[in-house]
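Source file: upload.cif. Holds: mmCIF, C-alpha atoms.
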```
data_query
#
loop_
_atom_site.label_atom_id
_atom_site.label_comp_id
_atom_site.auth_asym_id
_atom_site.auth_seq_id
_atom_site.Cartn_x
_atom_site.Cartn_y
_atom_site.Cartn_z
CA GLY T 15 -50.15 -13.02 10.43
CA ASP T 16 -52.94 -15.59 10.76
CA GLU T 17 -55.17 -13.52 8.49
CA GLY T 18 -52.38 -13.22 5.92
CA GLY T 19 -51.78 -16.97 6.14
CA ARG T 20 -55.46 -17.73 5.70
CA SER T 21 -55.61 -15.30 2.79
CA GLY T 22 -52.67 -17.02 1.13
CA ASP T 23 -54.19 -20.44 1.75
CA GLU T 24 -57.48 -19.31 0.29
CA GLN T 25 -55.75 -17.93 -2.79
CA GLN T 26 -53.91 -21.23 -3.27
CA THR T 27 -57.14 -23.17 -2.81
CA ASN T 28 -59.01 -20.97 -5.27
CA GLN T 29 -56.18 -21.18 -7.77
CA GLY T 30 -56.10 -24.94 -7.33
CA ALA T 31 -59.81 -25.15 -7.93
CA ALA T 32 -59.45 -23.00 -11.02
CA ASP T 33 -56.57 -25.16 -12.28
CA HIS T 34 -58.60 -28.29 -11.54
CA GLY T 35 -61.62 -26.84 -13.36
CA SER T 36 -59.45 -25.84 -16.29
CA GLY T 37 -57.82 -29.23 -16.29
CA GLY T 38 -61.21 -30.90 -16.14
CA ARG T 39 -62.38 -28.94 -19.13
CA VAL T 40 -59.23 -29.80 -21.07
CA ALA T 41 -59.69 -33.48 -20.26
CA GLU T 42 -63.36 -33.28 -21.21
CA ASP T 43 -62.53 -31.57 -24.51
CA ALA T 44 -59.87 -34.19 -25.25
CA SER T 45 -62.35 -36.98 -24.51
CA ARG T 46 -64.93 -35.33 -26.78
CA SER T 47 -62.37 -35.05 -29.58
CA ARG T 48 -61.53 -38.74 -29.26
CA THR T 49 -65.22 -39.62 -29.31
CA MET T 50 -65.83 -37.54 -32.44
CA ALA T 51 -62.80 -39.09 -34.15
CA ARG T 52 -64.17 -42.53 -33.31
CA TYR T 53 -67.54 -41.65 -34.78
CA ASP T 54 -65.85 -40.32 -37.91
CA ARG T 55 -64.20 -43.73 -38.34
CA ILE T 56 -67.46 -45.57 -37.66
CA ALA T 57 -69.28 -43.38 -40.18
CA SER T 58 -67.17 -44.94 -42.95
CA GLU T 59 -67.85 -48.50 -41.78
CA GLY T 60 -70.55 -50.90 -42.94
CA VAL T 61 -74.13 -50.56 -41.85
CA GLU T 62 -73.80 -53.39 -39.32
CA VAL T 63 -71.07 -51.53 -37.46
CA ILE T 64 -73.11 -48.31 -37.54
CA GLY T 65 -76.18 -50.15 -36.30
CA GLY T 66 -74.22 -51.73 -33.47
CA GLU T 67 -72.91 -48.34 -32.40
CA MET T 68 -76.44 -46.93 -32.30
CA VAL T 69 -77.54 -49.76 -30.05
CA ARG T 70 -74.53 -49.18 -27.78
CA ILE T 71 -75.19 -45.45 -27.43
CA LEU T 72 -78.91 -45.84 -26.81
CA GLY T 73 -78.17 -48.45 -24.19
CA GLN T 74 -76.28 -45.94 -22.03
CA SER T 75 -77.91 -45.67 -18.60
CA ASP T 76 -76.86 -42.06 -17.98
CA PRO T 77 -79.30 -39.85 -19.94
CA LEU T 78 -76.80 -36.97 -20.23
CA ILE T 79 -74.08 -39.19 -21.66
CA ARG T 80 -76.60 -40.89 -23.94
CA SER T 81 -77.91 -37.56 -25.27
CA GLN T 82 -74.45 -36.08 -25.90
CA GLU T 83 -73.11 -39.20 -27.56
CA TRP T 84 -76.20 -39.48 -29.74
CA LEU T 85 -75.87 -35.86 -30.90
CA ASP T 86 -72.19 -36.39 -31.68
CA PHE T 87 -72.97 -39.59 -33.54
CA VAL T 88 -75.72 -38.03 -35.67
CA VAL T 89 -73.58 -35.00 -36.54
CA SER T 90 -70.70 -37.26 -37.60
CA MET T 91 -72.77 -39.23 -40.11
CA ASP T 92 -72.15 -38.52 -43.79
CA ILE T 93 -75.43 -37.13 -45.12
CA SER T 94 -75.18 -39.39 -48.16
CA ARG T 95 -75.59 -42.40 -45.85
CA MET T 96 -78.59 -41.15 -43.92
CA GLU T 97 -80.98 -43.51 -45.66
CA GLU T 98 -78.87 -46.46 -44.52
CA VAL T 99 -78.64 -45.08 -40.99
CA VAL T 100 -82.40 -44.48 -40.68
CA ALA T 101 -83.11 -47.92 -42.13
CA ALA T 102 -80.68 -49.49 -39.64
CA PHE T 103 -82.33 -47.61 -36.77
CA ARG T 104 -85.74 -48.88 -37.81
CA SER T 105 -84.63 -52.46 -38.49
CA ARG T 106 -83.36 -52.76 -34.93
CA GLU T 107 -86.80 -51.75 -33.62
CA LEU T 108 -85.44 -48.73 -31.77
CA VAL T 109 -88.19 -46.28 -32.73
CA ALA T 110 -90.75 -47.10 -30.04
CA MET T 111 -88.30 -46.70 -27.15
CA HIS T 112 -86.23 -43.84 -28.58
CA GLN T 113 -88.59 -41.46 -30.36
CA ASN T 114 -86.63 -38.33 -29.41
CA GLU T 115 -83.42 -39.76 -30.83
CA TYR T 116 -85.28 -40.83 -33.95
CA ALA T 117 -86.59 -37.26 -34.37
CA ILE T 118 -83.04 -35.90 -34.05
CA LEU T 119 -81.87 -38.30 -36.74
CA LEU T 120 -84.66 -37.29 -39.11
CA SER T 121 -84.10 -33.60 -38.36
CA ARG T 122 -80.44 -33.89 -39.33
CA TRP T 123 -81.49 -35.42 -42.65
CA ALA T 124 -84.15 -32.76 -43.14
CA ASN T 125 -81.60 -30.02 -42.52
CA GLU T 126 -79.58 -30.97 -45.59
CA GLU T 127 -81.64 -33.22 -47.86
CA PRO T 128 -85.34 -32.82 -46.98
CA GLU T 129 -86.60 -34.06 -50.34
CA ALA T 130 -84.46 -37.20 -50.13
CA ALA T 131 -85.75 -37.81 -46.61
CA LEU T 132 -89.36 -37.40 -47.73
CA SER T 133 -88.81 -39.65 -50.75
CA TYR T 134 -87.53 -42.36 -48.44
CA ILE T 135 -90.61 -42.02 -46.24
CA GLU T 136 -92.94 -42.12 -49.25
CA ASP T 137 -91.28 -45.28 -50.56
CA GLU T 138 -90.61 -47.17 -47.34
CA LEU T 139 -93.23 -45.86 -44.92
CA PRO T 140 -96.39 -44.82 -46.78
CA SER T 141 -98.19 -44.42 -43.45
CA GLY T 142 -95.29 -42.54 -41.85
CA ASP T 143 -97.16 -39.39 -40.87
CA SER T 144 -95.00 -38.90 -37.78
CA GLU T 145 -91.86 -38.88 -39.93
CA ARG T 146 -93.39 -36.52 -42.49
CA SER T 147 -94.35 -34.18 -39.67
CA ILE T 148 -90.79 -34.01 -38.31
CA ILE T 149 -89.18 -33.54 -41.72
CA LEU T 150 -91.63 -30.98 -43.11
CA ALA T 151 -91.67 -28.94 -39.90
CA ARG T 152 -87.88 -28.77 -39.88
CA TRP T 153 -87.75 -27.93 -43.59
CA ALA T 154 -90.26 -25.14 -43.09
CA GLU T 155 -88.02 -23.55 -40.47
CA SER T 156 -85.13 -23.27 -42.92
CA ASP T 157 -86.84 -22.94 -46.32
CA LEU T 158 -90.53 -22.20 -45.99
CA GLN T 159 -91.34 -21.63 -49.64
CA SER T 160 -89.80 -24.92 -50.78
CA ALA T 161 -91.54 -26.81 -47.98
CA LEU T 162 -94.88 -25.22 -48.89
CA ALA T 163 -94.43 -26.05 -52.57
CA TRP T 164 -93.65 -29.68 -51.78
CA ALA T 165 -96.62 -29.96 -49.41
CA GLU T 166 -99.02 -28.55 -51.98
CA GLN T 167 -97.74 -30.94 -54.66
CA ASN T 168 -97.71 -33.94 -52.33
CA PRO T 169 -100.90 -33.82 -50.24
CA SER T 170 -101.46 -36.50 -47.62
CA GLY T 171 -104.48 -37.43 -45.54
CA LYS T 172 -108.17 -37.43 -46.38
CA GLU T 173 -109.62 -35.39 -49.20
CA GLY T 174 -110.12 -31.86 -47.95
CA LEU T 175 -107.42 -32.17 -45.28
CA ASN T 176 -103.84 -31.84 -46.53
CA LEU T 177 -101.76 -33.05 -43.60
CA SER T 178 -98.55 -32.14 -45.42
CA LEU T 179 -99.48 -28.44 -45.25
CA LEU T 180 -100.36 -28.76 -41.59
CA TYR T 181 -96.96 -30.33 -40.89
CA VAL T 182 -95.37 -27.30 -42.52
CA ALA T 183 -97.51 -25.12 -40.27
CA GLU T 184 -96.11 -26.90 -37.20
CA GLY T 185 -92.64 -25.73 -38.12
CA ILE T 186 -93.62 -22.05 -38.29
CA ALA T 187 -96.25 -21.88 -35.54
CA THR T 188 -94.13 -19.72 -33.24
CA SER T 189 -92.58 -17.55 -35.95
CA GLN T 190 -95.52 -16.94 -38.31
CA PRO T 191 -98.80 -17.52 -36.45
CA ALA T 192 -100.80 -15.52 -39.01
CA LEU T 193 -99.69 -17.84 -41.80
CA VAL T 194 -100.61 -20.84 -39.67
CA ALA T 195 -104.16 -19.46 -39.47
CA GLN T 196 -104.24 -19.08 -43.26
CA LEU T 197 -103.04 -22.65 -43.77
CA LEU T 198 -105.71 -23.99 -41.42
CA GLU T 199 -108.34 -22.12 -43.40
CA THR T 200 -107.27 -23.83 -46.64
CA GLN T 201 -108.55 -27.12 -45.22
CA SER T 202 -112.16 -27.84 -46.13
CA MET T 203 -112.99 -30.57 -43.57
CA VAL T 204 -114.60 -28.48 -40.85
CA ARG T 205 -114.47 -30.90 -37.91
CA GLU T 206 -110.93 -32.09 -38.61
CA ARG T 207 -109.50 -28.62 -38.98
CA GLN T 208 -110.99 -27.57 -35.65
CA VAL T 209 -109.44 -30.65 -34.03
CA THR T 210 -106.13 -29.78 -35.69
CA LEU T 211 -106.40 -26.20 -34.41
CA ASN T 212 -106.21 -27.58 -30.86
CA GLN T 213 -102.79 -29.04 -31.57
CA PHE T 214 -101.37 -25.58 -32.30
CA ILE T 215 -102.55 -23.96 -29.07
CA PRO T 216 -99.50 -24.90 -26.91
CA LYS T 217 -97.13 -23.41 -29.49
CA ILE T 218 -99.23 -20.27 -29.90
CA MET T 219 -99.37 -19.87 -26.12
CA SER T 220 -95.59 -20.19 -25.91
CA ILE T 221 -95.17 -17.01 -27.99
CA GLY T 222 -96.71 -14.85 -25.28
CA VAL T 223 -100.06 -13.75 -23.88
CA GLU T 224 -100.63 -10.77 -26.17
CA GLU T 225 -99.79 -12.69 -29.33
CA ALA T 226 -102.02 -15.54 -28.18
CA LYS T 227 -104.92 -13.12 -27.72
CA LEU T 228 -104.27 -11.72 -31.20
CA TRP T 229 -104.15 -15.11 -32.95
CA PRO T 230 -107.94 -15.64 -33.35
CA SER T 231 -108.19 -12.36 -35.27
CA TYR T 232 -106.06 -13.85 -38.07
CA PHE T 233 -108.93 -16.19 -39.01
CA GLU T 234 -111.49 -14.98 -41.53
CA ASP T 235 -113.68 -18.05 -41.07
CA PRO T 236 -116.07 -17.28 -38.16
CA SER T 237 -116.16 -20.90 -36.94
CA LEU T 238 -112.37 -21.18 -36.77
CA ARG T 239 -112.07 -17.76 -35.16
CA ALA T 240 -114.61 -18.78 -32.51
CA ALA T 241 -112.81 -22.07 -31.92
CA ALA T 242 -109.49 -20.26 -31.51
CA GLU T 243 -111.01 -17.76 -29.09
CA SER T 244 -112.41 -20.58 -26.95
CA ARG T 245 -109.16 -22.53 -26.86
CA ILE T 246 -107.06 -19.47 -26.07
CA ALA T 247 -109.50 -18.35 -23.37
CA ALA T 248 -109.45 -21.78 -21.71
CA SER T 249 -105.64 -21.70 -21.61
CA LEU T 250 -105.24 -18.10 -20.41
CA VAL T 251 -107.85 -18.22 -17.67
CA MET T 252 -105.84 -20.68 -15.59
CA GLU T 253 -103.18 -18.05 -14.93
CA ASP T 254 -105.13 -14.80 -15.12
CA PRO T 255 -108.91 -15.18 -14.59
CA GLN T 256 -109.75 -11.50 -14.40
CA GLY T 257 -107.61 -10.45 -17.36
CA THR T 258 -108.95 -13.28 -19.47
CA MET T 259 -112.59 -12.52 -18.73
CA GLU T 260 -111.98 -8.84 -19.53
CA TRP T 261 -110.44 -9.88 -22.85
CA ILE T 262 -113.47 -12.06 -23.60
CA ASP T 263 -115.82 -9.16 -22.83
CA GLY T 264 -114.08 -7.19 -25.58
CA LEU T 265 -114.52 -9.86 -28.23
CA GLU T 266 -117.01 -9.36 -31.02
CA GLY T 267 -118.96 -11.97 -32.92
CA PRO T 268 -120.64 -15.29 -32.20
CA GLY T 269 -117.59 -16.79 -30.51
CA ARG T 270 -117.71 -14.60 -27.42
CA ASP T 271 -120.28 -16.64 -25.49
CA SER T 272 -118.49 -19.89 -26.30
CA ALA T 273 -115.18 -18.41 -25.14
CA TYR T 274 -116.86 -17.26 -21.92
CA SER T 275 -118.36 -20.66 -21.07
CA LYS T 276 -115.20 -22.58 -22.04
CA ALA T 277 -113.06 -20.29 -19.89
CA VAL T 278 -115.39 -20.73 -16.91
CA ALA T 279 -115.31 -24.53 -17.29
CA ALA T 280 -111.50 -24.50 -17.47
CA LEU T 281 -111.23 -22.25 -14.43
CA ALA T 282 -113.44 -24.65 -12.44
CA VAL T 283 -110.63 -27.21 -12.56
CA VAL T 284 -108.47 -25.04 -10.29
CA ASP T 285 -110.95 -22.64 -8.64
CA THR T 286 -114.57 -23.76 -8.51
CA GLU T 287 -115.81 -20.83 -6.41
CA THR T 288 -114.44 -18.14 -8.72
CA ALA T 289 -115.70 -20.03 -11.76
CA LEU T 290 -119.15 -20.26 -10.18
CA ASP T 291 -119.17 -16.50 -9.56
CA TYR T 292 -118.43 -15.84 -13.24
CA ALA T 293 -121.09 -18.34 -14.33
CA LEU T 294 -123.83 -16.84 -12.18
CA GLU T 295 -122.85 -13.30 -13.21
CA ALA T 296 -122.90 -14.02 -16.95
CA PRO T 297 -124.80 -11.37 -18.94
CA SER T 298 -127.58 -13.63 -20.24
CA ASP T 299 -129.68 -16.48 -18.90
CA SER T 300 -128.56 -18.88 -21.64
CA LEU T 301 -124.90 -18.09 -20.97
CA ARG T 302 -125.37 -18.54 -17.23
CA LYS T 303 -126.84 -21.99 -17.82
CA GLU T 304 -124.21 -23.03 -20.36
CA SER T 305 -121.36 -21.83 -18.14
CA PHE T 306 -122.83 -23.63 -15.15
CA ALA T 307 -123.13 -26.84 -17.17
CA GLY T 308 -119.43 -26.54 -18.00
CA ILE T 309 -118.58 -26.24 -14.31
CA VAL T 310 -120.62 -29.37 -13.55
CA ARG T 311 -118.77 -31.31 -16.25
CA SER T 312 -115.36 -30.15 -15.04
CA THR T 313 -116.21 -30.97 -11.43
CA ALA T 314 -117.74 -34.37 -12.23
CA ARG T 315 -114.48 -35.52 -13.82
CA ARG T 316 -112.75 -35.45 -10.44
CA ASP T 317 -115.62 -35.57 -7.90
CA PRO T 318 -119.13 -36.63 -9.03
CA ARG T 319 -120.63 -36.02 -5.60
CA GLN T 320 -119.40 -32.43 -5.53
CA ALA T 321 -120.86 -31.91 -9.01
CA ALA T 322 -124.19 -33.32 -7.77
CA ASP T 323 -124.10 -30.91 -4.83
CA LEU T 324 -123.66 -28.02 -7.29
CA LEU T 325 -126.79 -29.14 -9.18
CA ASP T 326 -128.75 -29.23 -5.94
CA ALA T 327 -127.49 -25.84 -4.78
CA HIS T 328 -128.33 -23.98 -8.02
CA PRO T 329 -131.55 -25.36 -9.53
CA GLU T 330 -132.22 -22.07 -11.32
CA VAL T 331 -129.37 -22.75 -13.81
CA VAL T 332 -129.66 -26.53 -14.12
CA THR T 333 -130.20 -27.82 -17.65
CA ASP T 334 -130.19 -31.22 -19.33
CA ARG T 335 -126.63 -30.54 -20.49
CA GLY T 336 -125.46 -30.07 -16.93
CA ILE T 337 -127.10 -33.29 -15.76
CA GLN T 338 -125.74 -35.16 -18.77
CA GLY T 339 -122.27 -33.92 -17.87
CA LEU T 340 -122.62 -35.38 -14.38
CA ILE T 341 -123.84 -38.73 -15.73
CA TRP T 342 -121.19 -39.02 -18.46
CA TYR T 343 -118.28 -38.39 -16.12
CA SER T 344 -119.63 -40.08 -13.00
CA VAL T 345 -119.66 -43.47 -14.76
CA GLN T 346 -115.89 -43.64 -14.42
CA LYS T 347 -115.95 -43.18 -10.65
CA ASP T 348 -119.41 -43.56 -9.13
CA PRO T 349 -122.23 -44.34 -11.59
CA ALA T 350 -124.84 -44.38 -8.85
CA VAL T 351 -124.39 -40.65 -8.31
CA GLY T 352 -125.31 -39.82 -11.88
CA ALA T 353 -128.15 -42.34 -11.89
CA GLU T 354 -129.90 -40.35 -9.17
CA TYR T 355 -130.40 -37.46 -11.61
CA LEU T 356 -131.86 -39.30 -14.62
CA SER T 357 -135.38 -38.37 -13.57
CA ARG T 358 -134.52 -34.67 -13.77
CA ILE T 359 -133.66 -34.78 -17.50
CA GLU T 360 -136.50 -33.22 -19.48
CA GLY T 361 -135.57 -33.98 -23.09
CA GLU T 362 -136.43 -37.45 -24.39
CA GLN T 363 -133.32 -37.77 -26.58
CA ALA T 364 -131.09 -36.47 -23.80
CA LEU T 365 -132.59 -39.05 -21.42
CA GLU T 366 -132.15 -41.92 -23.88
CA GLY T 367 -128.53 -40.99 -24.60
CA SER T 368 -127.67 -40.57 -20.93
CA LEU T 369 -129.31 -43.87 -19.96
CA ARG T 370 -127.47 -45.68 -22.74
CA THR T 371 -124.13 -44.23 -21.62
CA LEU T 372 -124.85 -45.02 -17.97
CA LYS T 373 -125.80 -48.65 -18.61
CA ALA T 374 -122.93 -49.42 -20.98
CA ASN T 375 -120.24 -48.04 -18.69
CA TRP T 376 -121.77 -49.30 -15.45
CA ARG T 377 -122.16 -52.80 -16.93
CA SER T 378 -118.46 -52.97 -17.81
CA ARG T 379 -117.49 -51.58 -14.40
CA ASP T 380 -119.83 -53.40 -12.01
CA PRO T 381 -122.61 -55.45 -13.66
CA ALA T 382 -124.00 -56.69 -10.35
CA ALA T 383 -124.48 -53.13 -9.09
CA LEU T 384 -126.20 -52.16 -12.33
CA GLU T 385 -128.61 -55.09 -12.14
CA SER T 386 -129.41 -54.21 -8.54
CA TRP T 387 -130.13 -50.60 -9.51
CA LEU T 388 -132.33 -51.67 -12.44
CA ALA T 389 -134.30 -53.96 -10.13
CA GLU T 390 -135.01 -50.94 -7.91
CA ASN T 391 -135.72 -48.68 -10.90
CA PRO T 392 -137.65 -50.88 -13.39
CA GLN T 393 -138.75 -47.84 -15.40
CA TYR T 394 -135.20 -47.71 -16.85
CA ASN T 395 -135.10 -51.34 -18.02
#
```
Entire entry expressed as structure tokens:
Amino acid sequence: GDEGGRSGDEQQTNQGAADHGSGGRVAEDASRSRTMARYDRIASEGVEVIGGEMVRILGQSDPLIRSQEWLDFVVSMDISRMEEVVAAFRSRELVAMHQNEYAILLSRWANEEPEAALSYIEDELPSGDSERSIILARWAESDLQSALAWAEQNPSGKEGLNLSLLYVAEGIATSQPALVAQLLETQSMVRERQVTLNQFIPKIMSIGVEEAKLWPSYFEDPSLRAAAESRIAASLVMEDPQGTMEWIDGLEGPGRDSAYSKAVAALAVVDTETALDYALEAPSDSLRKESFAGIVRSTARRDPRQAADLLDAHPEVVTDRGIQGLIWYSVQKDPAVGAEYLSRIEGEQALEGSLRTLKANWRSRDPAALESWLAENPQYN
């Protein structure tokens, strides 16, 4: 009897919970409908009313409520009034504090009238590269050919670096990585396009390990292919050292050694001992020294004394680059550590550059300590 009673009670409790949950959803849906109806009314009001509503929503302390209300508000806006809405958002100086919401607003405009959105940016914000990036990336996702045509006809940035095309590439990085490689190769400014390549790595990595490993092969330009190999290797090695180093061993071309040393340096951030094993086992003397220098640089960023200990423990692979790495990064934490190794730099230019860096940073950090050191080491005055 007791069991039957408990069973009945449990059924009633469960049913009550289900009814309560159903009732809660009904109430929530009703509230959402009222909110959307309110936004529909506001959408037909003057720009001052719309602007006031934006300020109210973005002032919500609960991030979930703020996000949902903002999405509802943006969806409710008549697309023909988006220029007014964006202008109102900007005039109230909301951009700096609400960049995500600003991106959502621009994305909505880009979904339906990308050319109108871009025309507004060209007229009102000639330096609005962030806005162009959002709009062109979104346009590329829905209509790649039109976005590409616009970007080619409306280049932005320095000569030899069409940022508009690169913004299009951002929109397709995860869906068409091979085309992204082609677009990067159309840029003629070598240094800038390699810097830009770095910005695509997180998106390429998000596709998956095998696709990430394949991405460098899409580049015909040897320098870009080598840069891609190095960046991918440095990202992969953090999760799978052995698999990454095996992949690097199978690479062909001038980028293999660079990928090896960059991967070893990246690995040193999380596992110095394993990184050191790979460095000392590298297939050539030059690669052993370059990989070791990378470890010293990585270590010096967080612990200059540990980096100095590595130099002392492995003199057979110490080079000027390794010592320079210690000096450059020790100035932020303990300049005196790096200063101890100036005398071991063999190259005159390397010594001059390192001494200049050491003095400039040490002087801004602790001028009294620098003067004391110079008094003890007059040869560096």
* Asked: Which residues match the PyMOL selection byres ((chain T and resi 84) around 8) in the file above, as number ranges by chain?
  -> T: 68, 71-72, 80-83, 85-88, 115
Keeping only C-alpha atoms, take the residues you just selected and write them out as a PDB file, in the coordinates of the input.
```
ATOM      1  CA  MET T  68     -76.440 -46.930 -32.300  1.00  0.00           C
ATOM      2  CA  ILE T  71     -75.190 -45.450 -27.430  1.00  0.00           C
ATOM      3  CA  LEU T  72     -78.910 -45.840 -26.810  1.00  0.00           C
ATOM      4  CA  ARG T  80     -76.600 -40.890 -23.940  1.00  0.00           C
ATOM      5  CA  SER T  81     -77.910 -37.560 -25.270  1.00  0.00           C
ATOM      6  CA  GLN T  82     -74.450 -36.080 -25.900  1.00  0.00           C
ATOM      7  CA  GLU T  83     -73.110 -39.200 -27.560  1.00  0.00           C
ATOM      8  CA  LEU T  85     -75.870 -35.860 -30.900  1.00  0.00           C
ATOM      9  CA  ASP T  86     -72.190 -36.390 -31.680  1.00  0.00           C
ATOM     10  CA  PHE T  87     -72.970 -39.590 -33.540  1.00  0.00           C
ATOM     11  CA  VAL T  88     -75.720 -38.030 -35.670  1.00  0.00           C
ATOM     12  CA  GLU T 115     -83.420 -39.760 -30.830  1.00  0.00           C
TER      13      GLU T 115
END
```
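The coordinates place CA of Ala307 in chain T at 25.1 Å from CA of Lys227 in chain T.
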* Answer key for the PyMOL selection byres ((chain T and resi 355) around 9), residues as a PyMOL selection string -> chain T and resi 322+337-338+340-341+351-354+356-359
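Atom pair CA of Gly142 in chain T / CA of Glu97 in chain T has a distance of 14.8 Å (rounded to one decimal).
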* To do: Tell me, in Å to one decimal, how far CA of Val109 in chain T is from CA of Gly73 in chain T.
  => 13.3 Å
Could you list, as a tab-separated table (two decimals) with C-alpha atoms, in the coordinates of the input, every residue matched by the PyMOL selection byres ((chain T and resi 347) around 12) in this structure?
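Dumped to result-v8.tsv:
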```
chain	number	residue	atom	x	y	z
T	314	ALA	CA	-117.74	-34.37	-12.23
T	315	ARG	CA	-114.48	-35.52	-13.82
T	316	ARG	CA	-112.75	-35.45	-10.44
T	317	ASP	CA	-115.62	-35.57	-7.90
T	318	PRO	CA	-119.13	-36.63	-9.03
T	319	ARG	CA	-120.63	-36.02	-5.60
T	340	LEU	CA	-122.62	-35.38	-14.38
T	341	ILE	CA	-123.84	-38.73	-15.73
T	342	TRP	CA	-121.19	-39.02	-18.46
T	343	TYR	CA	-118.28	-38.39	-16.12
T	344	SER	CA	-119.63	-40.08	-13.00
T	345	VAL	CA	-119.66	-43.47	-14.76
T	346	GLN	CA	-115.89	-43.64	-14.42
T	348	ASP	CA	-119.41	-43.56	-9.13
T	349	PRO	CA	-122.23	-44.34	-11.59
T	350	ALA	CA	-124.84	-44.38	-8.85
T	351	VAL	CA	-124.39	-40.65	-8.31
T	352	GLY	CA	-125.31	-39.82	-11.88
T	372	LEU	CA	-124.85	-45.02	-17.97
T	375	ASN	CA	-120.24	-48.04	-18.69
T	376	TRP	CA	-121.77	-49.30	-15.45
T	379	ARG	CA	-117.49	-51.58	-14.40
T	380	ASP	CA	-119.83	-53.40	-12.01
```
* Structure fact -> Between T:Asn125, T:Arg239, T:Val310, T:Ser368, smallest distance to Ala327 in chain T by only C-alpha atoms belongs to T:Val310
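Proximity ranking of T:Asp291, T:Glu138, T:Glu129, T:Glu243 relative to Arg104 in chain T places T:Glu138 first, based on all atoms listed in the file.
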* To do: Find the spatial neighbours of Ala226 in chain T, counting all atoms listed in the file, within a cut-off of 12 Å - ignore same-chain residues fewer than 2 positions away - and output them as a PyMOL selection string.
  => chain T and resi 187-188+191-192+214-224+228-232+242-250+258+261
* Residues near Ala279 in chain T, cut-off 7 Å, all atoms listed in the file, skip fewer than 4 positions along chain, as an MDAnalysis selection string -> chainID T and resid 275 305 308:309 312
* **Selection: 9 Å around Ile148 in chain T, only C-alpha atoms, excl. self and same-chain fewer than 3 positions, as a ChimeraX atom specification** => /T:117,120-121,124,143-145,151-153,181,184-185
* Kindly indicate which residue among T:Gly65, T:Glu173, T:Gln74, T:Arg207 lies nearest to Ala101 in chain T, using only C-alpha atoms for the distances. => T:Gly65
Test item: residues at most 10 Å from Met259 in chain T, only C-alpha atoms, excluding those fewer than 2 positions along its chain, as an mmCIF file with C-alpha atoms, in the frame of the given file:
```
data_model
loop_
_atom_site.group_PDB
_atom_site.id
_atom_site.type_symbol
_atom_site.label_atom_id
_atom_site.label_comp_id
_atom_site.auth_asym_id
_atom_site.auth_seq_id
_atom_site.Cartn_x
_atom_site.Cartn_y
_atom_site.Cartn_z
ATOM 1 C CA ALA T 247 -109.500 -18.350 -23.370
ATOM 2 C CA LEU T 250 -105.240 -18.100 -20.410
ATOM 3 C CA VAL T 251 -107.850 -18.220 -17.670
ATOM 4 C CA ASP T 254 -105.130 -14.800 -15.120
ATOM 5 C CA PRO T 255 -108.910 -15.180 -14.590
ATOM 6 C CA GLN T 256 -109.750 -11.500 -14.400
ATOM 7 C CA GLY T 257 -107.610 -10.450 -17.360
ATOM 8 C CA TRP T 261 -110.440 -9.880 -22.850
ATOM 9 C CA ILE T 262 -113.470 -12.060 -23.600
ATOM 10 C CA ASP T 263 -115.820 -9.160 -22.830
ATOM 11 C CA GLY T 264 -114.080 -7.190 -25.580
ATOM 12 C CA ALA T 273 -115.180 -18.410 -25.140
ATOM 13 C CA TYR T 274 -116.860 -17.260 -21.920
ATOM 14 C CA ALA T 277 -113.060 -20.290 -19.890
ATOM 15 C CA VAL T 278 -115.390 -20.730 -16.910
ATOM 16 C CA TYR T 292 -118.430 -15.840 -13.240
#
```
* List the residues sitting within 6 Å of (-128.4, -25.8, -17.2) in the file's frame, using all atoms listed in the file, as a ChimeraX atom specification. => /T:303-304,307,331-333,336
* To do: Pick out the closest residue to Leu150 in chain T from this set: T:Glu127, T:Asp285, T:Asp235, T:Glu295. Count only C-alpha atoms.
  => T:Glu127
Shell around Ser94 in chain T at 10 Å using only C-alpha atoms, local window under 6 positions removed, as a tab-separated table (two decimals) with C-alpha atoms, in the frame of the given file:
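For reference, result.tsv as written:
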```
chain	number	residue	atom	x	y	z
T	123	TRP	CA	-81.49	-35.42	-42.65
T	126	GLU	CA	-79.58	-30.97	-45.59
T	127	GLU	CA	-81.64	-33.22	-47.86
T	130	ALA	CA	-84.46	-37.20	-50.13
```
